[in-house]
file model-v5.csv (CSV, C-alpha atoms)
chain,number,residue,atom,x,y,z
A,1,MET,CA,0.0,0.0,0.0
A,2,THR,CA,1.4,3.4,-1.0
A,3,ARG,CA,1.5,6.0,1.7
A,4,PRO,CA,1.4,9.7,0.9
A,5,ILE,CA,4.6,11.1,-0.3
A,6,GLU,CA,6.7,12.7,2.6
A,7,LEU,CA,9.6,14.3,0.8
A,8,PRO,CA,11.4,17.0,2.6
A,9,SER,CA,11.8,20.6,1.4
A,10,LYS,CA,15.0,21.8,-0.2
A,11,HIS,CA,15.7,23.7,3.0
A,12,GLU,CA,15.3,20.6,5.2
A,13,LEU,CA,17.5,18.7,2.7
A,14,MET,CA,20.3,21.3,2.8
A,15,ARG,CA,20.2,21.4,6.6
A,16,ALA,CA,20.5,17.6,6.8
A,17,CYS,CA,23.5,17.7,4.3
A,18,ARG,CA,25.3,19.9,6.8
A,19,GLY,CA,24.7,17.4,9.6
A,20,GLY,CA,21.6,18.7,11.4
A,21,GLY,CA,17.9,18.5,11.4
A,22,HIS,CA,17.2,15.1,10.0
A,23,ASP,CA,15.0,13.9,12.9
A,24,ASP,CA,15.4,10.3,11.8
A,25,HIS,CA,13.7,11.0,8.5
A,26,PRO,CA,15.1,8.2,6.2
A,27,LEU,CA,15.8,10.5,3.2
A,28,LEU,CA,17.4,13.3,5.4
A,29,ARG,CA,19.5,10.8,7.4
A,30,ALA,CA,20.8,9.3,4.1
A,31,ALA,CA,21.5,12.8,2.7
A,32,CYS,CA,23.6,13.6,5.9
A,33,GLU,CA,25.5,10.3,5.5
A,34,LEU,CA,26.0,10.9,1.8
A,35,THR,CA,27.6,14.3,2.4
A,36,ALA,CA,29.9,12.8,5.0
A,37,LEU,CA,30.9,10.1,2.5
A,38,HIS,CA,31.6,12.8,-0.2
A,39,GLU,CA,33.8,14.7,2.3
A,40,GLN,CA,35.6,11.5,3.0
A,41,LEU,CA,36.0,10.6,-0.7
A,42,SER,CA,37.5,14.0,-1.4
A,43,ARG,CA,40.4,13.2,0.9
A,44,LEU,CA,41.0,9.6,-0.3
A,45,GLU,CA,43.2,8.5,-3.1
A,46,PRO,CA,41.3,6.7,-6.0
A,47,GLN,CA,42.5,3.2,-5.1
A,48,ARG,CA,41.0,3.6,-1.6
A,49,ARG,CA,37.5,4.7,-2.6
A,50,ASP,CA,35.8,1.3,-3.1
A,51,GLY,CA,34.3,1.0,0.4
A,52,PRO,CA,32.9,4.5,0.6
A,53,ASP,CA,31.6,4.2,-3.0
A,54,GLU,CA,29.8,1.0,-2.1
A,55,ASN,CA,28.2,2.8,0.9
A,56,ARG,CA,27.1,5.6,-1.4
A,57,ALA,CA,25.5,3.2,-3.8
A,58,ALA,CA,23.6,1.5,-1.0
A,59,LEU,CA,22.3,4.8,0.3
A,60,VAL,CA,21.2,5.9,-3.2
A,61,THR,CA,19.4,2.6,-3.7
A,62,GLY,CA,17.8,3.0,-0.2
A,63,ILE,CA,16.5,6.5,-1.1
A,64,ASP,CA,15.1,5.2,-4.4
A,65,ARG,CA,13.2,2.4,-2.7
A,66,TRP,CA,11.9,4.6,0.1
A,67,VAL,CA,10.6,7.2,-2.4
A,68,ARG,CA,9.1,4.7,-4.8
A,69,ALA,CA,7.1,3.1,-2.0
A,70,ARG,CA,5.5,6.5,-1.2
A,71,LEU,CA,4.8,8.0,-4.6
A,72,PRO,CA,1.2,8.6,-5.5
A,73,PRO,CA,0.0,7.1,-8.8
A,74,ALA,CA,1.1,9.3,-11.7
A,75,HIS,CA,-1.5,10.6,-14.0
A,76,ALA,CA,-2.2,8.4,-17.0
A,77,SER,CA,-0.8,11.1,-19.3
A,78,THR,CA,2.4,11.5,-17.3
A,79,THR,CA,5.4,10.6,-19.4
A,80,ASP,CA,7.9,13.2,-18.1
A,81,ARG,CA,10.7,11.5,-16.2
A,82,PRO,CA,13.8,13.1,-14.8
A,83,PRO,CA,17.0,11.7,-16.1
A,84,GLN,CA,18.1,10.6,-12.6
A,85,SER,CA,16.5,8.8,-9.7
A,86,MET,CA,15.7,10.7,-6.5
A,87,GLY,CA,18.6,8.9,-4.8
A,88,ALA,CA,21.0,10.2,-7.5
A,89,VAL,CA,19.6,13.7,-7.2
A,90,VAL,CA,20.1,13.7,-3.4
A,91,ASP,CA,23.6,12.2,-3.9
A,92,ARG,CA,24.5,15.1,-6.2
A,93,ILE,CA,23.2,17.6,-3.7
A,94,ALA,CA,25.2,16.0,-1.0
A,95,GLU,CA,28.3,16.0,-3.2
A,96,TYR,CA,27.8,19.7,-4.1
A,97,THR,CA,27.3,20.5,-0.5
A,98,ALA,CA,30.6,18.9,0.4
A,99,VAL,CA,32.3,20.8,-2.4
A,100,ALA,CA,30.7,24.1,-1.5
A,101,PHE,CA,31.7,23.9,2.1
A,102,THR,CA,35.2,22.8,1.2
A,103,ALA,CA,35.4,25.8,-1.2
A,104,LEU,CA,34.8,28.1,1.8
A,105,THR,CA,38.3,27.2,3.0
A,106,ARG,CA,40.0,28.2,-0.3
A,107,THR,CA,41.0,31.7,-1.4
A,108,ASP,CA,39.8,31.2,-5.0
A,109,ASP,CA,36.6,33.2,-5.2
A,110,TRP,CA,35.5,31.6,-8.4
A,111,SER,CA,35.6,28.1,-7.1
A,112,LEU,CA,33.4,29.2,-4.2
A,113,TRP,CA,31.0,31.0,-6.5
A,114,ASP,CA,30.7,28.0,-8.8
A,115,ALA,CA,30.2,25.6,-6.0
A,116,TRP,CA,27.4,27.6,-4.4
A,117,THR,CA,25.8,28.4,-7.8
A,118,ASN,CA,25.7,24.7,-8.7
A,119,LEU,CA,24.3,23.8,-5.3
A,120,GLU,CA,21.5,26.4,-5.5
A,121,GLU,CA,20.5,25.3,-9.0
A,122,LEU,CA,20.3,21.7,-8.1
A,123,SER,CA,18.4,22.3,-4.9
A,124,ALA,CA,15.9,24.4,-6.8
A,125,ALA,CA,15.5,21.6,-9.3
A,126,TYR,CA,15.0,19.1,-6.4
A,127,GLU,CA,12.2,21.4,-5.0
A,128,GLU,CA,10.5,21.4,-8.4
A,129,LEU,CA,10.8,17.7,-8.8
A,130,VAL,CA,9.3,17.1,-5.3
A,131,ALA,CA,6.3,19.3,-6.2
A,132,ASP,CA,5.8,17.5,-9.5
A,133,LEU,CA,6.0,14.1,-7.9
A,134,ALA,CA,3.6,14.9,-5.2
A,135,ALA,CA,1.1,16.2,-7.8
A,136,GLY,CA,1.6,13.2,-10.0
A,137,ARG,CA,2.9,15.3,-12.9
A,138,ARG,CA,6.2,13.4,-13.1
A,139,ARG,CA,7.5,9.9,-12.5
A,140,LEU,CA,10.9,8.7,-11.5
A,141,PRO,CA,13.0,6.3,-13.5
A,142,GLY,CA,11.9,2.8,-12.6
A,143,ALA,CA,8.5,3.9,-11.2
call {"tool": "encode", "arguments": {"input": "model-v5.csv", "output": "structure tokens"}}
result
Amino acid sequence: MTRPIELPSKHELMRACRGGGHDDHPLLRAACELTALHEQLSRLEPQRRDGPDENRAALVTGIDRWVRARLPPAHASTTDRPPQSMGAVVDRIAEYTAVAFTALTRTDDWSLWDAWTNLEELSAAYEELVADLAAGRRRLPGA
């Protein structure tokens, strides 16, 4: 039985990516963990990334399963699907969050600007996707 969709807002997601405010919400908890993994991955050499990458993949899959179980039925005419799953979108937001906060420690103003611009654009796209999914206007890949 599908329960109503309970996707967090972009502000809740952003707060969770910085380590707070997930209140045991499965998607927010996973976003927090994904950000920590991206921070860890940025410090690892490529040959040492297998474990964290496997953890990332498991979290992305978990988000996708959790979201699919809660999606309302899409309208019969709905064919618009985003190119990535919800787990992949949350993973990218977590990655961009890690990059943006790392850029705060650098002196290169452009890397900071780019990181925050990318993060804002993706979080706005997430918010639009959540609204469209809740209204049944869009479907996720595999749903």
call {"tool": "closest_residue", "arguments": {"input": "model-v5.csv", "among": "A:Ala94, A:Leu133, A:Cys17, A:Ala88", "to": "A:Asp64", "atoms": "all atoms listed in the file"}}
result
A:Ala88
call {"tool": "closest_residue", "arguments": {"input": "model-v5.csv", "among": "A:Ala30, A:His25, A:Glu39, A:Gly51", "to": "A:Val99", "atoms": "only C-alpha atoms"}}
result
A:Glu39
call {"tool": "atom_distance", "arguments": {"input": "model-v5.csv", "atom1": "atom CA of A:Ala36", "atom2": "atom CA of A:Asn118"}}
result
18.6 Å
call {"tool": "atom_distance", "arguments": {"input": "model-v5.csv", "atom1": "atom CA of A:Gln84", "atom2": "atom CA of A:Asp50"}}
result
22.1 Å
call {"tool": "closest_residue", "arguments": {"input": "model-v5.csv", "among": "A:Val90, A:Leu7, A:Val67, A:Ala115", "to": "A:Glu33", "atoms": "all atoms listed in the file"}}
result
A:Val90
call {"tool": "atom_distance", "arguments": {"input": "model-v5.csv", "atom1": "atom CA of A:Arg48", "atom2": "atom CA of A:Thr105"}}
result
24.2 Å
call {"tool": "closest_residue", "arguments": {"input": "model-v5.csv", "among": "A:Leu44, A:Met86, A:Leu112, A:Leu140", "to": "A:Pro8", "atoms": "all atoms listed in the file"}}
result
A:Met86
call {"tool": "closest_residue", "arguments": {"input": "model-v5.csv", "among": "A:Leu104, A:Ala98, A:Leu28, A:Leu71", "to": "A:Val130", "atoms": "all atoms listed in the file"}}
result
A:Leu71
call {"tool": "closest_residue", "arguments": {"input": "model-v5.csv", "among": "A:Arg92, A:Arg137, A:Arg49, A:Arg65", "to": "A:Met14", "atoms": "only C-alpha atoms"}}
result
A:Arg92
call {"tool": "decode", "arguments": {"input": "model-v5.csv", "residues": "stretch 37-50 of chain A", "atoms": "C-alpha atoms", "output": "compact mmCIF listing (two decimals), in the first residue's frame"}}
result
# COMPACT_ATOMS: atom_id res chain seq x y z
CA LEU A 37 30.91 10.14 2.47
CA HIS A 38 31.60 12.79 -0.18
CA GLU A 39 33.76 14.69 2.28
CA GLN A 40 35.62 11.45 3.03
CA LEU A 41 35.98 10.61 -0.68
CA SER A 42 37.49 14.02 -1.41
CA ARG A 43 40.36 13.17 0.93
CA LEU A 44 40.98 9.61 -0.33
CA GLU A 45 43.21 8.45 -3.11
CA PRO A 46 41.34 6.75 -5.97
CA GLN A 47 42.49 3.23 -5.06
CA ARG A 48 40.99 3.60 -1.56
CA ARG A 49 37.49 4.67 -2.61
CA ASP A 50 35.82 1.27 -3.06
